[in-house]
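Here the structure is laid out as structure tokens; the discussion comes afterwards.
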Amino acid sequence: MAEAERIIGTPDIPDADRDEQDRDGQRRAGTDGAAADTGRPRGKRRIAVLFAVAAFAYALDLISKMIVVAKLEHHEPIEIVGDWLRFEAIRNAGAAFGFGEAFTVIFTVIAAAVIVVIIRLARKLYSLPWAIALGLLLGGALGNLTDRIFRSPGVFEGAVVDFIAPKHFAVFNLADSAIVCGGILIVLLSFRGLDPDGTVHKD
């Protein structure tokens, strides 16, 4: 049989069938390529969201502090909602909400370490909610770290500018708010079993 096929030759495939096979191969290749292309930029899009959120939070914090230092520092507090909420310029050498003023350098190192960890984690980031949460953390940490480095009394010992003063609560700033919101979102995502790489697991 094999010898007969060698002598006679294999039957030709009709042109229509050959064209259909070619189209099927192209469709499969196109589908695989699209899947690969979708997988490759997916992480980049999430990283872009992370840095966009971080940049927005950082810029908002930086601009608000510049206005507070220029217009509110050494002036009377401004009442926003009666005596329940007011703007009052305060220099804070401690952590968020005024805690731990004796450990300014330590908090500076911690903020820098948080920034490095977030940047390293961004390489495996495929989840949009995680991108937003980490962006808030990154922007807030950068905002307060900028104060630690560039404000008096010195490098890595600078006092953070706080100005949001609710009644019966510590004075804070927009960077503190971004950090807290990012932290709460991370806790919620962890409870739901969503990982930064986009996978969902159930315990």
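Just remember, in the structure tokens the first chain shown is A, the second B, etc., residues are 1-based per chain, and ligands are 1-based in the order shown.
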If you count only C-alpha atoms, which residues fall within 9 Å of Ala59 (chain A), apart from same-chain ones fewer than 4 positions away, as a short mmCIF file (atom, residue, chain, number, x, y, z; two decimals) with C-alpha atoms, in the first residue's frame?
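The new file part15.cif reads:
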data_model
loop_
_atom_site.label_atom_id
_atom_site.label_comp_id
_atom_site.auth_asym_id
_atom_site.auth_seq_id
_atom_site.Cartn_x
_atom_site.Cartn_y
_atom_site.Cartn_z
CA ALA A 54 -0.17 57.55 43.40
CA ALA A 55 0.66 60.68 41.38
CA ILE A 63 -0.50 71.23 46.83
CA SER A 64 -2.70 71.23 49.94
CA GLY A 139 1.03 58.41 47.07
CA GLY A 143 3.66 62.75 50.47
#
Nearest-residue call for Lys167 (chain A), choices A:Leu60, A:Phe51, A:Ile78, A:Arg86, using only C-alpha atoms: A:Arg86
Picked from region 52-82 of chain A by DSSP as helix (DSSP H, G or I), as a PyMOL selection string: chain A and resi 52-71
Kindly save the residues from that selection, with all heavy atoms included, as a short mmCIF file (atom, residue, chain, number, x, y, z; two decimals), in the first residue's frame.
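What landed in out_32.cif:
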data_model
loop_
_atom_site.label_atom_id
_atom_site.label_comp_id
_atom_site.auth_asym_id
_atom_site.auth_seq_id
_atom_site.Cartn_x
_atom_site.Cartn_y
_atom_site.Cartn_z
N ALA A 52 -0.73 56.26 38.39
CA ALA A 52 -1.62 57.40 38.18
C ALA A 52 -2.32 57.78 39.49
O ALA A 52 -2.41 58.97 39.84
CB ALA A 52 -2.66 57.07 37.11
N VAL A 53 -2.81 56.78 40.22
CA VAL A 53 -3.44 57.05 41.53
C VAL A 53 -2.42 57.63 42.50
O VAL A 53 -2.71 58.58 43.23
CB VAL A 53 -4.06 55.75 42.09
CG1 VAL A 53 -4.55 55.96 43.52
CG2 VAL A 53 -5.22 55.29 41.22
N ALA A 54 -1.21 57.05 42.50
CA ALA A 54 -0.17 57.55 43.40
C ALA A 54 0.19 59.00 43.07
O ALA A 54 0.34 59.84 43.98
CB ALA A 54 1.07 56.67 43.30
N ALA A 55 0.32 59.31 41.78
CA ALA A 55 0.66 60.68 41.38
C ALA A 55 -0.43 61.66 41.77
O ALA A 55 -0.16 62.78 42.24
CB ALA A 55 0.91 60.73 39.88
N PHE A 56 -1.69 61.25 41.59
CA PHE A 56 -2.81 62.13 41.95
C PHE A 56 -2.84 62.38 43.46
O PHE A 56 -2.99 63.53 43.90
CB PHE A 56 -4.12 61.50 41.50
CG PHE A 56 -5.34 62.31 41.86
CD1 PHE A 56 -5.68 63.45 41.14
CD2 PHE A 56 -6.14 61.92 42.93
CE1 PHE A 56 -6.79 64.19 41.49
CE2 PHE A 56 -7.25 62.67 43.28
CZ PHE A 56 -7.58 63.81 42.56
N ALA A 57 -2.70 61.31 44.26
CA ALA A 57 -2.72 61.45 45.72
C ALA A 57 -1.54 62.30 46.19
O ALA A 57 -1.69 63.16 47.08
CB ALA A 57 -2.69 60.07 46.38
N TYR A 58 -0.38 62.06 45.60
CA TYR A 58 0.82 62.82 45.99
C TYR A 58 0.68 64.29 45.63
O TYR A 58 1.00 65.18 46.45
CB TYR A 58 2.04 62.22 45.30
CG TYR A 58 3.32 62.98 45.57
CD1 TYR A 58 3.92 62.95 46.81
CD2 TYR A 58 3.94 63.72 44.56
CE1 TYR A 58 5.09 63.64 47.07
CE2 TYR A 58 5.11 64.42 44.81
CZ TYR A 58 5.68 64.37 46.06
OH TYR A 58 6.84 65.07 46.31
N ALA A 59 0.21 64.59 44.43
CA ALA A 59 0.06 65.98 43.99
C ALA A 59 -0.97 66.71 44.85
O ALA A 59 -0.76 67.86 45.25
CB ALA A 59 -0.35 66.02 42.52
N LEU A 60 -2.08 66.03 45.14
CA LEU A 60 -3.13 66.65 45.96
C LEU A 60 -2.60 66.96 47.36
O LEU A 60 -2.86 68.04 47.91
CB LEU A 60 -4.32 65.70 46.04
CG LEU A 60 -5.69 66.33 46.34
CD1 LEU A 60 -6.07 67.33 45.26
CD2 LEU A 60 -6.74 65.24 46.47
N ASP A 61 -1.85 66.03 47.92
CA ASP A 61 -1.27 66.25 49.26
C ASP A 61 -0.25 67.37 49.23
O ASP A 61 -0.25 68.25 50.11
CB ASP A 61 -0.62 64.95 49.75
CG ASP A 61 0.05 65.11 51.10
OD1 ASP A 61 -0.66 65.29 52.11
OD2 ASP A 61 1.30 65.07 51.14
N LEU A 62 0.62 67.36 48.22
CA LEU A 62 1.67 68.38 48.14
C LEU A 62 1.09 69.78 47.97
O LEU A 62 1.51 70.73 48.66
CB LEU A 62 2.61 68.05 46.98
CG LEU A 62 3.87 68.91 46.84
CD1 LEU A 62 4.77 68.76 48.06
CD2 LEU A 62 4.62 68.54 45.57
N ILE A 63 0.11 69.92 47.08
CA ILE A 63 -0.50 71.23 46.83
C ILE A 63 -1.24 71.73 48.07
O ILE A 63 -1.14 72.91 48.44
CB ILE A 63 -1.45 71.15 45.63
CG1 ILE A 63 -0.65 70.89 44.35
CG2 ILE A 63 -2.28 72.42 45.49
CD1 ILE A 63 -1.51 70.58 43.15
N SER A 64 -1.96 70.82 48.74
CA SER A 64 -2.70 71.23 49.94
C SER A 64 -1.76 71.71 51.03
O SER A 64 -2.04 72.71 51.72
CB SER A 64 -3.56 70.07 50.45
OG SER A 64 -2.76 69.00 50.91
N LYS A 65 -0.62 71.04 51.19
CA LYS A 65 0.34 71.45 52.22
C LYS A 65 0.98 72.79 51.87
O LYS A 65 1.24 73.62 52.77
CB LYS A 65 1.41 70.37 52.39
CG LYS A 65 0.90 69.11 53.07
CD LYS A 65 1.95 68.02 53.09
CE LYS A 65 1.46 66.78 53.80
NZ LYS A 65 2.42 65.66 53.73
N MET A 66 1.26 73.02 50.60
CA MET A 66 1.83 74.30 50.19
C MET A 66 0.85 75.45 50.49
O MET A 66 1.26 76.51 50.98
CB MET A 66 2.16 74.27 48.70
CG MET A 66 3.30 73.34 48.34
SD MET A 66 3.54 73.18 46.54
CE MET A 66 3.95 74.86 46.11
N ILE A 67 -0.43 75.22 50.24
CA ILE A 67 -1.43 76.25 50.52
C ILE A 67 -1.56 76.48 52.02
O ILE A 67 -1.64 77.63 52.49
CB ILE A 67 -2.80 75.84 49.92
CG1 ILE A 67 -2.71 75.80 48.39
CG2 ILE A 67 -3.90 76.79 50.37
CD1 ILE A 67 -3.95 75.25 47.73
N VAL A 68 -1.55 75.39 52.78
CA VAL A 68 -1.67 75.51 54.24
C VAL A 68 -0.50 76.28 54.83
O VAL A 68 -0.68 77.18 55.66
CB VAL A 68 -1.78 74.11 54.88
CG1 VAL A 68 -1.58 74.18 56.40
CG2 VAL A 68 -3.13 73.49 54.56
N VAL A 69 0.72 75.95 54.40
CA VAL A 69 1.91 76.64 54.92
C VAL A 69 1.87 78.12 54.54
O VAL A 69 2.22 79.00 55.34
CB VAL A 69 3.19 75.97 54.39
CG1 VAL A 69 4.41 76.82 54.73
CG2 VAL A 69 3.33 74.57 54.97
N ALA A 70 1.43 78.42 53.33
CA ALA A 70 1.44 79.81 52.85
C ALA A 70 0.29 80.64 53.43
O ALA A 70 0.48 81.83 53.74
CB ALA A 70 1.36 79.84 51.33
N LYS A 71 -0.88 80.04 53.63
CA LYS A 71 -2.06 80.82 53.99
C LYS A 71 -2.57 80.59 55.41
O LYS A 71 -3.26 81.46 55.96
CB LYS A 71 -3.20 80.50 53.01
CG LYS A 71 -2.87 80.75 51.55
CD LYS A 71 -2.64 82.23 51.27
CE LYS A 71 -2.42 82.47 49.79
NZ LYS A 71 -2.20 83.92 49.49
#
Selection near region 111-119 of chain A, 8 Å with only C-alpha atoms, sequence-local residues under 3 positions removed, as a PyMOL selection string: chain A and resi 107-108+122-123+134+138+141-142+145
Create the file for the chosen residues now, containing N, CA and C atoms and written as an mmCIF file, in the first residue's frame.
data_model
loop_
_atom_site.group_PDB
_atom_site.id
_atom_site.type_symbol
_atom_site.label_atom_id
_atom_site.label_comp_id
_atom_site.auth_asym_id
_atom_site.auth_seq_id
_atom_site.Cartn_x
_atom_site.Cartn_y
_atom_site.Cartn_z
ATOM 1 N N PHE A 107 10.154 56.268 61.461
ATOM 2 C CA PHE A 107 8.997 56.365 60.567
ATOM 3 C C PHE A 107 9.420 56.730 59.149
ATOM 4 N N THR A 108 10.477 57.508 59.041
ATOM 5 C CA THR A 108 10.990 57.861 57.717
ATOM 6 C C THR A 108 11.518 56.621 56.999
ATOM 7 N N ALA A 122 4.638 45.824 42.225
ATOM 8 C CA ALA A 122 3.957 46.281 41.005
ATOM 9 C C ALA A 122 4.269 45.389 39.810
ATOM 10 N N ARG A 123 5.392 44.699 39.813
ATOM 11 C CA ARG A 123 5.750 43.839 38.688
ATOM 12 C C ARG A 123 4.785 42.666 38.523
ATOM 13 N N LEU A 134 -2.784 50.085 46.290
ATOM 14 C CA LEU A 134 -1.347 50.318 46.385
ATOM 15 C C LEU A 134 -0.980 51.727 45.917
ATOM 16 N N LEU A 138 1.106 54.295 48.079
ATOM 17 C CA LEU A 138 2.333 54.873 47.532
ATOM 18 C C LEU A 138 2.273 56.395 47.538
ATOM 19 N N ALA A 141 2.473 57.649 51.193
ATOM 20 C CA ALA A 141 3.819 57.479 51.750
ATOM 21 C C ALA A 141 4.799 58.485 51.153
ATOM 22 N N LEU A 142 4.696 58.722 49.845
ATOM 23 C CA LEU A 142 5.571 59.711 49.205
ATOM 24 C C LEU A 142 5.298 61.120 49.728
ATOM 25 N N LEU A 145 6.780 61.327 53.203
ATOM 26 C CA LEU A 145 8.231 61.186 53.115
ATOM 27 C C LEU A 145 8.870 62.472 52.588
#
Shell of 6 Å around region 172-180 of chain A, only C-alpha atoms, local chain residues under 2 positions omitted, as an MDAnalysis selection string: chainID A and resid 61 96:97 136:137 140 143 162:164 182:183
Residue among A:Ile132, A:Ile106, A:Leu125, A:Cys181 lying closest to Leu50 (chain A), counting only C-alpha atoms: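 Under the stated criterion, the closest residue is A:Ile132.
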Point-to-point distance in Å for CA of Glu79 (chain A) and CA of Ala93 (chain A): 24.2 Å
Non-local contacts of Ser127 (chain A) (7 Å; only C-alpha atoms; under 3 positions in same chain excluded) as a VMD selection string: chain A and resid 46 130 to 131 196 to 198
Suppose we keep all heavy atoms; can you now write the selection as a PDB file, in the first residue's frame?
ATOM      1  N   ARG A  46      -2.427  47.848  34.675  1.00  0.00           N
ATOM      2  CA  ARG A  46      -2.624  47.935  36.123  1.00  0.00           C
ATOM      3  C   ARG A  46      -1.511  48.765  36.760  1.00  0.00           C
ATOM      4  O   ARG A  46      -1.761  49.525  37.693  1.00  0.00           O
ATOM      5  CB  ARG A  46      -2.672  46.525  36.734  1.00  0.00           C
ATOM      6  CG  ARG A  46      -3.781  45.646  36.199  1.00  0.00           C
ATOM      7  CD  ARG A  46      -5.155  46.289  36.404  1.00  0.00           C
ATOM      8  NE  ARG A  46      -6.212  45.425  35.918  1.00  0.00           N
ATOM      9  CZ  ARG A  46      -6.839  45.585  34.773  1.00  0.00           C
ATOM     10  NH1 ARG A  46      -6.506  46.563  33.952  1.00  0.00           N
ATOM     11  NH2 ARG A  46      -7.811  44.765  34.408  1.00  0.00           N
ATOM     12  N   TRP A 130      -6.402  46.217  43.535  1.00  0.00           N
ATOM     13  CA  TRP A 130      -5.101  46.260  44.201  1.00  0.00           C
ATOM     14  C   TRP A 130      -4.256  47.422  43.679  1.00  0.00           C
ATOM     15  O   TRP A 130      -3.513  48.048  44.433  1.00  0.00           O
ATOM     16  CB  TRP A 130      -4.355  44.942  43.995  1.00  0.00           C
ATOM     17  CG  TRP A 130      -4.625  43.931  45.072  1.00  0.00           C
ATOM     18  CD1 TRP A 130      -5.550  42.935  45.039  1.00  0.00           C
ATOM     19  CD2 TRP A 130      -3.973  43.828  46.341  1.00  0.00           C
ATOM     20  NE1 TRP A 130      -5.513  42.214  46.205  1.00  0.00           N
ATOM     21  CE2 TRP A 130      -4.552  42.733  47.019  1.00  0.00           C
ATOM     22  CE3 TRP A 130      -2.952  44.547  46.965  1.00  0.00           C
ATOM     23  CZ2 TRP A 130      -4.150  42.350  48.301  1.00  0.00           C
ATOM     24  CZ3 TRP A 130      -2.543  44.176  48.241  1.00  0.00           C
ATOM     25  CH2 TRP A 130      -3.131  43.095  48.898  1.00  0.00           C
ATOM     26  N   ALA A 131      -4.355  47.717  42.402  1.00  0.00           N
ATOM     27  CA  ALA A 131      -3.620  48.847  41.839  1.00  0.00           C
ATOM     28  C   ALA A 131      -4.047  50.157  42.492  1.00  0.00           C
ATOM     29  O   ALA A 131      -3.222  51.011  42.817  1.00  0.00           O
ATOM     30  CB  ALA A 131      -3.833  48.907  40.322  1.00  0.00           C
ATOM     31  N   PRO A 196      -2.933  40.265  44.495  1.00  0.00           N
ATOM     32  CA  PRO A 196      -2.475  41.302  43.567  1.00  0.00           C
ATOM     33  C   PRO A 196      -2.314  40.819  42.128  1.00  0.00           C
ATOM     34  O   PRO A 196      -2.418  41.619  41.198  1.00  0.00           O
ATOM     35  CB  PRO A 196      -1.128  41.721  44.166  1.00  0.00           C
ATOM     36  CG  PRO A 196      -1.243  41.413  45.609  1.00  0.00           C
ATOM     37  CD  PRO A 196      -2.063  40.166  45.693  1.00  0.00           C
ATOM     38  N   ASP A 197      -2.047  39.518  41.938  1.00  0.00           N
ATOM     39  CA  ASP A 197      -1.880  39.017  40.571  1.00  0.00           C
ATOM     40  C   ASP A 197      -3.210  38.714  39.885  1.00  0.00           C
ATOM     41  O   ASP A 197      -3.227  38.218  38.758  1.00  0.00           O
ATOM     42  CB  ASP A 197      -0.991  37.774  40.566  1.00  0.00           C
ATOM     43  CG  ASP A 197      -1.594  36.608  41.352  1.00  0.00           C
ATOM     44  OD1 ASP A 197      -2.709  36.784  41.905  1.00  0.00           O
ATOM     45  OD2 ASP A 197      -0.963  35.556  41.421  1.00  0.00           O
ATOM     46  N   GLY A 198      -4.325  39.017  40.552  1.00  0.00           N
ATOM     47  CA  GLY A 198      -5.632  38.844  39.944  1.00  0.00           C
ATOM     48  C   GLY A 198      -6.305  37.523  40.249  1.00  0.00           C
ATOM     49  O   GLY A 198      -7.485  37.346  39.933  1.00  0.00           O
TER      50      GLY A 198
END
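Nearest to Asp195 (chain A) of all the residues A:Ala165, A:Leu121, A:Ile47, A:Ile90 is A:Leu121, based on only C-alpha atoms.
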